[in-house]
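Shown next: query_12.pdb, given as PDB, C-alpha atoms.
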ATOM      1  CA  MET A   6     -72.671   4.614  18.165
ATOM      2  CA  ASP A   7     -70.601   7.696  17.626
ATOM      3  CA  ARG A   8     -68.254   7.175  14.677
ATOM      4  CA  ARG A   9     -65.297   8.565  16.620
ATOM      5  CA  LYS A  10     -65.896   6.152  19.518
ATOM      6  CA  LEU A  11     -66.209   3.239  17.106
ATOM      7  CA  ILE A  12     -62.876   4.070  15.469
ATOM      8  CA  LYS A  13     -61.262   4.387  18.887
ATOM      9  CA  LYS A  14     -62.566   0.933  19.901
ATOM     10  CA  LEU A  15     -61.377  -0.611  16.654
ATOM     11  CA  ILE A  16     -57.907   0.852  17.195
ATOM     12  CA  ILE A  17     -57.802  -0.542  20.734
ATOM     13  CA  TYR A  18     -58.918  -3.984  19.524
ATOM     14  CA  ALA A  19     -56.298  -3.884  16.776
ATOM     15  CA  LEU A  20     -53.545  -2.960  19.244
ATOM     16  CA  VAL A  21     -54.605  -5.743  21.624
ATOM     17  CA  LEU A  22     -54.585  -8.210  18.736
ATOM     18  CA  VAL A  23     -51.114  -7.076  17.626
ATOM     19  CA  LEU A  24     -49.769  -7.387  21.174
ATOM     20  CA  LEU A  25     -51.322 -10.842  21.471
ATOM     21  CA  VAL A  26     -49.717 -11.997  18.217
ATOM     22  CA  ILE A  27     -46.332 -10.607  19.315
ATOM     23  CA  GLY A  28     -46.677 -12.352  22.681
ATOM     24  CA  VAL A  29     -47.500 -15.699  21.040
ATOM     25  CA  PHE A  30     -44.606 -15.286  18.577
ATOM     26  CA  PHE A  31     -41.994 -14.614  21.259
ATOM     27  CA  SER A  32     -43.419 -17.335  23.526
ATOM     28  CA  TYR A  33     -43.069 -19.757  20.614
ATOM     29  CA  ILE A  34     -39.406 -18.812  20.220
ATOM     30  CA  ARG A  35     -38.662 -18.823  23.958
ATOM     31  CA  TYR A  36     -40.328 -22.142  24.800
ATOM     32  CA  GLY A  37     -40.598 -23.851  21.412
ATOM     33  CA  GLY A  38     -37.556 -26.012  22.119
ATOM     34  CA  TYR A  39     -39.503 -27.719  24.894
ATOM     35  CA  TRP A  40     -42.443 -28.383  22.614
ATOM     36  CA  LEU A  41     -40.304 -29.741  19.798
ATOM     37  CA  THR A  42     -38.196 -32.127  21.904
ATOM     38  CA  ASP A  43     -39.131 -34.714  24.500
ATOM     39  CA  LYS A  44     -37.660 -34.720  27.990
ATOM     40  CA  GLU A  45     -35.506 -37.778  27.325
ATOM     41  CA  THR A  46     -33.882 -36.201  24.263
ATOM     42  CA  ARG A  47     -33.175 -32.955  26.118
ATOM     43  CA  SER A  48     -31.677 -34.794  29.075
ATOM     44  CA  GLU A  49     -29.466 -36.851  26.779
ATOM     45  CA  ILE A  50     -28.070 -33.803  24.977
ATOM     46  CA  ILE A  51     -27.599 -31.772  28.156
ATOM     47  CA  SER A  52     -25.818 -34.661  29.934
ATOM     48  CA  GLU A  53     -23.515 -35.097  26.936
ATOM     49  CA  ILE A  54     -22.596 -31.407  26.969
ATOM     50  CA  LYS A  55     -21.986 -31.347  30.731
ATOM     51  CA  ALA A  56     -19.651 -34.337  30.415
ATOM     52  CA  ALA A  57     -17.248 -32.460  28.121
ATOM     53  CA  PRO A  58     -13.819 -31.852  29.716
ATOM     54  CA  GLN A  59     -12.992 -28.366  30.957
ATOM     55  CA  LEU A  60     -10.863 -26.274  28.610
ATOM     56  CA  PRO A  61      -7.477 -25.353  30.163
ATOM     57  CA  ASP A  62      -6.895 -21.951  31.762
ATOM     58  CA  ASN A  63      -4.245 -20.815  29.281
ATOM     59  CA  PHE A  64      -6.623 -21.366  26.375
ATOM     60  CA  MET A  65      -9.593 -19.764  28.128
ATOM     61  CA  LYS A  66      -7.542 -16.689  29.028
ATOM     62  CA  VAL A  67      -6.858 -15.980  25.360
ATOM     63  CA  TYR A  68     -10.343 -16.981  24.216
ATOM     64  CA  ASN A  69     -12.156 -14.828  26.789
ATOM     65  CA  ASP A  70      -9.973 -11.804  26.052
ATOM     66  CA  LEU A  71     -10.524 -12.241  22.323
ATOM     67  CA  TYR A  72     -14.245 -13.074  22.339
ATOM     68  CA  PRO A  73     -15.772 -11.771  25.603
ATOM     69  CA  GLU A  74     -19.226 -11.603  24.009
ATOM     70  CA  VAL A  75     -19.302 -15.354  23.325
ATOM     71  CA  MET A  76     -19.622 -16.132  27.024
ATOM     72  CA  GLU A  77     -22.773 -14.075  27.350
ATOM     73  CA  LYS A  78     -26.251 -15.584  27.203
ATOM     74  CA  SER A  79     -27.453 -13.777  24.102
ATOM     75  CA  GLY A  80     -30.443 -15.771  22.876
ATOM     76  CA  TRP A  81     -32.678 -12.751  22.513
ATOM     77  CA  GLN A  82     -29.841 -10.685  21.094
ATOM     78  CA  TYR A  83     -29.409 -13.255  18.339
ATOM     79  CA  VAL A  84     -33.166 -13.370  17.639
ATOM     80  CA  PHE A  85     -33.353  -9.592  17.192
ATOM     81  CA  ASN A  86     -30.207  -9.568  15.079
ATOM     82  CA  ARG A  87     -31.685 -12.225  12.817
ATOM     83  CA  LEU A  88     -34.713 -10.046  12.113
ATOM     84  CA  PRO A  89     -34.475  -7.676   9.102
ATOM     85  CA  PHE A  90     -33.344  -4.676  11.170
ATOM     86  CA  GLY A  91     -30.627  -6.592  13.008
ATOM     87  CA  GLN A  92     -26.902  -6.809  12.511
ATOM     88  CA  ARG A  93     -24.527  -9.754  12.699
ATOM     89  CA  HIS A  94     -22.593 -10.507  15.901
ATOM     90  CA  GLU A  95     -20.512 -13.298  17.348
ATOM     91  CA  TYR A  96     -22.538 -16.315  18.446
ATOM     92  CA  SER A  97     -22.854 -17.066  22.140
ATOM     93  CA  SER A  98     -21.390 -20.421  23.205
ATOM     94  CA  SER A  99     -24.885 -21.848  23.706
ATOM     95  CA  MET A 100     -25.945 -20.719  20.222
ATOM     96  CA  ALA A 101     -22.871 -22.371  18.702
ATOM     97  CA  ILE A 102     -23.590 -25.697  20.398
ATOM     98  CA  ALA A 103     -27.285 -25.371  19.531
ATOM     99  CA  TYR A 104     -26.272 -25.511  15.863
ATOM    100  CA  GLU A 105     -24.098 -28.568  16.414
ATOM    101  CA  CYS A 106     -26.446 -30.560  18.655
ATOM    102  CA  GLY A 107     -29.863 -29.312  17.669
ATOM    103  CA  ALA A 108     -29.862 -28.766  13.925
ATOM    104  CA  SER A 109     -30.346 -32.376  12.861
ATOM    105  CA  ARG A 110     -33.015 -33.004  15.502
ATOM    106  CA  LEU A 111     -35.108 -29.869  15.110
ATOM    107  CA  HIS A 112     -34.520 -29.041  11.450
ATOM    108  CA  GLY A 113     -37.567 -27.635   9.720
ATOM    109  CA  ALA A 114     -39.094 -25.810  12.686
ATOM    110  CA  PHE A 115     -39.401 -22.037  12.440
ATOM    111  CA  PHE A 116     -36.538 -20.439  14.473
ATOM    112  CA  TYR A 117     -35.594 -23.964  15.585
ATOM    113  CA  ILE A 118     -31.977 -23.119  16.464
ATOM    114  CA  GLU A 119     -33.004 -20.146  18.576
ATOM    115  CA  GLN A 120     -35.606 -22.300  20.345
ATOM    116  CA  PHE A 121     -33.079 -24.982  21.187
ATOM    117  CA  ASN A 122     -30.599 -22.334  22.326
ATOM    118  CA  PHE A 123     -33.043 -21.259  25.040
ATOM    119  CA  VAL A 124     -33.360 -24.863  26.231
ATOM    120  CA  LEU A 125     -29.577 -24.982  26.594
ATOM    121  CA  GLU A 126     -29.395 -21.589  28.298
ATOM    122  CA  ASP A 127     -31.911 -22.776  30.897
ATOM    123  CA  SER A 128     -29.831 -25.821  31.878
ATOM    124  CA  LEU A 129     -26.178 -25.065  31.088
ATOM    125  CA  THR A 130     -23.571 -22.399  31.712
ATOM    126  CA  PRO A 131     -21.849 -20.651  28.781
ATOM    127  CA  GLN A 132     -18.608 -22.359  29.838
ATOM    128  CA  GLU A 133     -20.169 -25.836  29.662
ATOM    129  CA  CYS A 134     -21.465 -25.107  26.164
ATOM    130  CA  LEU A 135     -18.086 -23.803  25.049
ATOM    131  CA  ASN A 136     -16.267 -26.849  26.481
ATOM    132  CA  LYS A 137     -18.402 -29.151  24.357
ATOM    133  CA  TYR A 138     -18.448 -27.039  21.211
ATOM    134  CA  LEU A 139     -14.679 -26.609  21.002
ATOM    135  CA  GLN A 140     -14.118 -30.326  21.515
ATOM    136  CA  MET A 141     -16.257 -31.217  18.503
ATOM    137  CA  VAL A 142     -15.206 -28.593  15.936
ATOM    138  CA  ASP A 143     -13.914 -30.187  12.737
ATOM    139  CA  PHE A 144     -10.491 -28.849  11.689
ATOM    140  CA  GLY A 145     -10.199 -31.277   8.784
ATOM    141  CA  ARG A 146      -7.097 -32.971  10.181
ATOM    142  CA  ALA A 147      -8.355 -32.885  13.770
ATOM    143  CA  ILE A 148     -11.581 -32.917  15.752
ATOM    144  CA  GLY A 149     -11.691 -30.425  18.604
ATOM    145  CA  VAL A 150      -9.100 -27.983  19.905
ATOM    146  CA  GLU A 151      -7.300 -30.561  22.068
ATOM    147  CA  ASP A 152      -6.770 -32.823  19.072
ATOM    148  CA  ALA A 153      -5.760 -29.788  16.974
ATOM    149  CA  ALA A 154      -3.035 -28.917  19.492
ATOM    150  CA  GLN A 155      -1.595 -32.416  19.127
ATOM    151  CA  VAL A 156      -1.807 -32.427  15.322
ATOM    152  CA  TYR A 157      -0.359 -28.942  14.691
ATOM    153  CA  PHE A 158       2.094 -28.592  17.602
ATOM    154  CA  ASN A 159       2.527 -32.081  19.057
ATOM    155  CA  LYS A 160       1.554 -30.662  22.450
ATOM    156  CA  SER A 161      -1.396 -30.743  24.819
ATOM    157  CA  LEU A 162      -3.658 -27.700  24.705
ATOM    158  CA  ASN A 163      -2.522 -26.639  28.169
ATOM    159  CA  GLN A 164       1.096 -26.493  26.935
ATOM    160  CA  LEU A 165       0.517 -24.031  24.096
ATOM    161  CA  ASN A 166       1.746 -20.468  24.221
ATOM    162  CA  GLU A 167      -0.421 -17.515  23.256
ATOM    163  CA  ASP A 168       0.588 -17.390  19.583
ATOM    164  CA  GLN A 169      -0.050 -21.114  19.185
ATOM    165  CA  ILE A 170      -3.500 -20.731  20.705
ATOM    166  CA  LEU A 171      -4.177 -17.869  18.301
ATOM    167  CA  GLU A 172      -3.137 -20.116  15.410
ATOM    168  CA  ILE A 173      -5.751 -22.660  16.458
ATOM    169  CA  LEU A 174      -8.379 -19.918  16.746
ATOM    170  CA  VAL A 175      -7.490 -18.707  13.247
ATOM    171  CA  ARG A 176      -8.030 -22.205  11.848
ATOM    172  CA  LEU A 177     -11.211 -22.562  13.860
ATOM    173  CA  LYS A 178     -12.936 -19.868  11.808
ATOM    174  CA  ASN A 179     -12.382 -21.652   8.494
ATOM    175  CA  PRO A 180      -9.940 -24.611   8.532
ATOM    176  CA  SER A 181      -9.754 -24.843   4.758
ATOM    177  CA  LEU A 182      -9.241 -21.140   4.003
ATOM    178  CA  TYR A 183      -6.747 -20.634   6.855
ATOM    179  CA  ASN A 184      -4.673 -23.737   6.192
ATOM    180  CA  LYS A 185      -1.149 -22.301   6.311
ATOM    181  CA  GLU A 186       0.374 -25.603   5.182
ATOM    182  CA  ARG A 187      -0.938 -24.787   1.706
ATOM    183  CA  LYS A 188       1.136 -22.092  -0.005
ATOM    184  CA  ASN A 189      -1.853 -20.378  -1.570
ATOM    185  CA  ARG A 190      -3.473 -20.063   1.874
ATOM    186  CA  GLN A 191      -0.526 -18.686   3.857
ATOM    187  CA  LYS A 192      -1.362 -15.061   3.117
ATOM    188  CA  PHE A 193      -4.952 -15.537   4.282
ATOM    189  CA  PHE A 194      -3.703 -17.257   7.414
ATOM    190  CA  MET A 195      -1.212 -14.536   8.338
ATOM    191  CA  ASN A 196      -3.697 -11.724   7.666
ATOM    192  CA  ARG A 197      -6.223 -13.400   9.932
ATOM    193  CA  PHE A 198      -3.589 -14.167  12.569
ATOM    194  CA  TYR A 199      -2.458 -10.539  12.863
ATOM    195  CA  THR A 200      -6.078  -9.348  12.820
ATOM    196  CA  LEU A 201      -6.863 -11.543  15.828
ATOM    197  CA  LYS A 202      -3.624 -10.578  17.549
ATOM    198  CA  GLY A 203      -4.465  -6.903  17.119
ATOM    199  CA  LYS A 204      -8.010  -7.457  18.392
ATOM    200  CA  LEU A 205      -6.639  -9.313  21.418
ATOM    201  CA  GLU A 206      -4.282  -6.450  22.293
ATOM    202  CA  GLN A 207      -7.036  -3.899  21.740
ATOM    203  CA  ASN A 208      -9.493  -5.755  23.973
ATOM    204  CA  ARG A 209      -6.930  -6.091  26.736
ATOM    205  CA  GLY A 210      -6.043  -2.413  26.494
ATOM    206  CA  ALA A 211      -9.708  -1.478  26.861
ATOM    207  CA  LYS A 212     -10.056  -3.300  30.197
TER     208      LYS A 212
END
Can the structure from this file be put into structure tokens for me?
Amino acid sequence: MDRRKLIKKLIIYALVLVLLVIGVFFSYIRYGGYWLTDKETRSEIISEIKAAPQLPDNFMKVYNDLYPEVMEKSGWQYVFNRLPFGQRHEYSSSMAIAYECGASRLHGAFFYIEQFNFVLEDSLTPQECLNKYLQMVDFGRAIGVEDAAQVYFNKSLNQLNEDQILEILVRLKNPSLYNKERKNRQKFFMNRFYTLKGKLEQNRGAK
């Protein structure tokens, strides 16, 4: 066989093999959550998430204006950003709840959080994921944003004004670091508060 033809065939075979490996890799990520969990476990988690109470409109108005990207289904975006050439970005709501609900069950599997995120994306809306996630976040003194509203302001979440909602979102990022009740944390809290307030105004101005 002509040497040039042989090299050409080898290149084609190599490319086919590479494409096959890539296809298997991305199929493993996309559908691995179904292989790693049984139907009963998935149904249990999904039903629990769907049962979470709806977040009030006043809170969602601020949250959506501040973090519009969180409500997007960004499973593949997160996968590519996790790879060496990627950059960090805000988690989607399904990715956030995948960490909370899936980590202990799927721990040890390669890309296990991303796999479970796709299971959630297939069955739930971003809003349903966010409802559940924000009702189970640990603030230290409170569990979930509704409880945090009662602890910090003695009000229901739907009674908070915009600045009070921003205060809860500041604490949400890191409850210990942004604990303004501690004197040595007040500066961190205020810096973060005005950063978020500025981002909120900027995002609204860009609409």
Please identify all polymer residues within 9 Å of range 28-43 of chain A, counting all atoms listed in the file, omitting same-chain residues fewer than 2 positions from it, and present them as a PyMOL selection string. chain A and resi 23-26+45-48+80-81+84+110-111+114-124
Report the centre and edge lengths, in Å to one decimal, of an axis-aligned box enclosing every atom of range 138-146 of chain A listed in the file, padded by 8 Å on each side, as AutoDock Vina command-line options.
--center_x -12.8 --center_y -29.8 --center_z 15.1 --size_x 27.4 --size_y 22.4 --size_z 28.7
Kindly assemble as a tab-separated table a list of the range 8-64 of chain A residues that lie within 12 Å of range 136-160 of chain A, each paired with its nearest atom pair and their distance in Å to one decimal, using all atoms listed in the file, sorted first by chain and then by ascending residue number.
residue	atom	partner	partner_atom	distance
A:Ile50	CA	A:Lys137	CA	10.7
A:Ile51	CA	A:Lys137	CA	10.3
A:Ser52	CA	A:Lys137	CA	10.8
A:Glu53	CA	A:Lys137	CA	8.3
A:Ile54	CA	A:Lys137	CA	5.4
A:Lys55	CA	A:Lys137	CA	7.6
A:Ala56	CA	A:Lys137	CA	8.1
A:Ala57	CA	A:Lys137	CA	5.1
A:Pro58	CA	A:Asn136	CA	6.4
A:Gln59	CA	A:Asn136	CA	5.7
A:Leu60	CA	A:Asn136	CA	5.8
A:Pro61	CA	A:Glu151	CA	9.6
A:Asp62	CA	A:Asn136	CA	11.8
A:Phe64	CA	A:Val150	CA	9.6
Give me, as CSV, the closest atom pair and its distance (Å, one decimal) for every residue of range 164-191 of chain A within a cut-off of 12 Å of range 203-209 of chain A, counting all atoms listed in the file, rows sorted by chain and rising number.
residue,atom,partner,partner_atom,distance
A:Glu167,CA,A:Leu205,CA,10.5
A:Asp168,CA,A:Leu205,CA,11.0
A:Ile170,CA,A:Leu205,CA,11.9
A:Leu171,CA,A:Leu205,CA,9.4
A:Leu174,CA,A:Leu205,CA,11.7
Suppose you want the space between CA of Ser99 in chain A and CA of Leu125 in chain A; what is it in Å? 6.3 Å
Between A:Lys188, A:Cys134, A:Val75, A:Tyr83, single out the one closest to Ile102 in chain A, counting all atoms listed in the file. A:Cys134
Tell me, as an MDAnalysis selection string, which residues lie within 6 Å of Lys185 in chain A, counting all atoms listed in the file; anything in the same chain fewer than 4 positions away does not count. chainID A and resid 190:191 194
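If you look at CA of Glu77 in chain A and CA of Met65 in chain A, they are 14.4 Å away from each other.
Taking CA of Leu135 in chain A as the reference point, CA of Asn179 in chain A is found at 17.6 Å.
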Could you rebuild range 136-168 of chain A with N, CA and C atoms and give me the result as an mmCIF file, keeping the file's coordinate frame?
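That gives us out-v6.cif:
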data_model
loop_
_atom_site.group_PDB
_atom_site.id
_atom_site.type_symbol
_atom_site.label_atom_id
_atom_site.label_comp_id
_atom_site.auth_asym_id
_atom_site.auth_seq_id
_atom_site.Cartn_x
_atom_site.Cartn_y
_atom_site.Cartn_z
ATOM 1 N N ASN A 136 -17.092 -25.639 26.324
ATOM 2 C CA ASN A 136 -16.267 -26.849 26.481
ATOM 3 C C ASN A 136 -16.638 -27.897 25.445
ATOM 4 N N LYS A 137 -17.934 -28.125 25.297
ATOM 5 C CA LYS A 137 -18.402 -29.151 24.357
ATOM 6 C C LYS A 137 -18.182 -28.729 22.907
ATOM 7 N N TYR A 138 -18.549 -27.504 22.597
ATOM 8 C CA TYR A 138 -18.448 -27.039 21.211
ATOM 9 C C TYR A 138 -17.022 -27.114 20.679
ATOM 10 N N LEU A 139 -16.059 -26.648 21.480
ATOM 11 C CA LEU A 139 -14.679 -26.609 21.002
ATOM 12 C C LEU A 139 -13.995 -27.971 21.018
ATOM 13 N N GLN A 140 -14.658 -28.969 21.591
ATOM 14 C CA GLN A 140 -14.118 -30.326 21.515
ATOM 15 C C GLN A 140 -14.727 -31.120 20.370
ATOM 16 N N MET A 141 -15.638 -30.496 19.613
ATOM 17 C CA MET A 141 -16.257 -31.217 18.503
ATOM 18 C C MET A 141 -16.123 -30.475 17.166
ATOM 19 N N VAL A 142 -15.426 -29.347 17.175
ATOM 20 C CA VAL A 142 -15.206 -28.593 15.936
ATOM 21 C C VAL A 142 -14.303 -29.392 15.000
ATOM 22 N N ASP A 143 -14.673 -29.430 13.740
ATOM 23 C CA ASP A 143 -13.914 -30.187 12.737
ATOM 24 C C ASP A 143 -12.868 -29.286 12.075
ATOM 25 N N PHE A 144 -11.587 -29.602 12.296
ATOM 26 C CA PHE A 144 -10.491 -28.849 11.689
ATOM 27 C C PHE A 144 -10.016 -29.492 10.379
ATOM 28 N N GLY A 145 -10.657 -30.557 9.974
ATOM 29 C CA GLY A 145 -10.199 -31.277 8.784
ATOM 30 C C GLY A 145 -9.234 -32.380 9.167
ATOM 31 N N ARG A 146 -8.100 -31.998 9.723
ATOM 32 C CA ARG A 146 -7.097 -32.971 10.181
ATOM 33 C C ARG A 146 -7.272 -33.338 11.641
ATOM 34 N N ALA A 147 -8.161 -32.653 12.341
ATOM 35 C CA ALA A 147 -8.355 -32.885 13.770
ATOM 36 C C ALA A 147 -9.801 -32.574 14.138
ATOM 37 N N ILE A 148 -10.251 -33.198 15.218
ATOM 38 C CA ILE A 148 -11.581 -32.917 15.752
ATOM 39 C C ILE A 148 -11.420 -32.332 17.154
ATOM 40 N N GLY A 149 -11.796 -31.092 17.313
ATOM 41 C CA GLY A 149 -11.691 -30.425 18.604
ATOM 42 C C GLY A 149 -10.346 -29.757 18.805
ATOM 43 N N VAL A 150 -10.316 -28.772 19.703
ATOM 44 C CA VAL A 150 -9.100 -27.983 19.905
ATOM 45 C C VAL A 150 -7.984 -28.791 20.574
ATOM 46 N N GLU A 151 -8.330 -29.738 21.424
ATOM 47 C CA GLU A 151 -7.300 -30.561 22.068
ATOM 48 C C GLU A 151 -6.583 -31.411 21.025
ATOM 49 N N ASP A 152 -7.349 -32.022 20.147
ATOM 50 C CA ASP A 152 -6.770 -32.823 19.072
ATOM 51 C C ASP A 152 -5.968 -31.939 18.121
ATOM 52 N N ALA A 153 -6.462 -30.723 17.864
ATOM 53 C CA ALA A 153 -5.760 -29.788 16.974
ATOM 54 C C ALA A 153 -4.401 -29.412 17.547
ATOM 55 N N ALA A 154 -4.312 -29.237 18.859
ATOM 56 C CA ALA A 154 -3.035 -28.917 19.492
ATOM 57 C C ALA A 154 -2.022 -30.037 19.274
ATOM 58 N N GLN A 155 -2.485 -31.269 19.349
ATOM 59 C CA GLN A 155 -1.595 -32.416 19.127
ATOM 60 C C GLN A 155 -1.161 -32.506 17.669
ATOM 61 N N VAL A 156 -2.099 -32.298 16.757
ATOM 62 C CA VAL A 156 -1.807 -32.427 15.322
ATOM 63 C C VAL A 156 -0.862 -31.323 14.849
ATOM 64 N N TYR A 157 -1.125 -30.071 15.228
ATOM 65 C CA TYR A 157 -0.359 -28.942 14.691
ATOM 66 C C TYR A 157 0.920 -28.626 15.481
ATOM 67 N N PHE A 158 0.937 -28.969 16.782
ATOM 68 C CA PHE A 158 2.094 -28.592 17.602
ATOM 69 C C PHE A 158 2.691 -29.747 18.393
ATOM 70 N N ASN A 159 2.061 -30.910 18.302
ATOM 71 C CA ASN A 159 2.527 -32.081 19.057
ATOM 72 C C ASN A 159 2.608 -31.780 20.558
ATOM 73 N N LYS A 160 1.630 -31.033 21.034
ATOM 74 C CA LYS A 160 1.554 -30.662 22.450
ATOM 75 C C LYS A 160 0.108 -30.772 22.922
ATOM 76 N N SER A 161 -0.055 -30.853 24.244
ATOM 77 C CA SER A 161 -1.396 -30.743 24.819
ATOM 78 C C SER A 161 -1.840 -29.286 24.761
ATOM 79 N N LEU A 162 -3.131 -29.062 24.790
ATOM 80 C CA LEU A 162 -3.658 -27.700 24.705
ATOM 81 C C LEU A 162 -3.142 -26.830 25.848
ATOM 82 N N ASN A 163 -2.985 -27.421 27.018
ATOM 83 C CA ASN A 163 -2.522 -26.639 28.169
ATOM 84 C C ASN A 163 -1.031 -26.308 28.123
ATOM 85 N N GLN A 164 -0.328 -26.791 27.098
ATOM 86 C CA GLN A 164 1.096 -26.493 26.935
ATOM 87 C C GLN A 164 1.354 -25.427 25.867
ATOM 88 N N LEU A 165 0.330 -24.988 25.186
ATOM 89 C CA LEU A 165 0.517 -24.031 24.096
ATOM 90 C C LEU A 165 0.761 -22.625 24.622
ATOM 91 N N ASN A 166 1.583 -21.880 23.881
ATOM 92 C CA ASN A 166 1.746 -20.468 24.221
ATOM 93 C C ASN A 166 0.648 -19.653 23.529
ATOM 94 N N GLU A 167 0.661 -18.355 23.757
ATOM 95 C CA GLU A 167 -0.421 -17.515 23.256
ATOM 96 C C GLU A 167 -0.514 -17.510 21.732
ATOM 97 N N ASP A 168 0.611 -17.410 21.046
ATOM 98 C CA ASP A 168 0.588 -17.390 19.583
ATOM 99 C C ASP A 168 0.080 -18.715 19.015
#
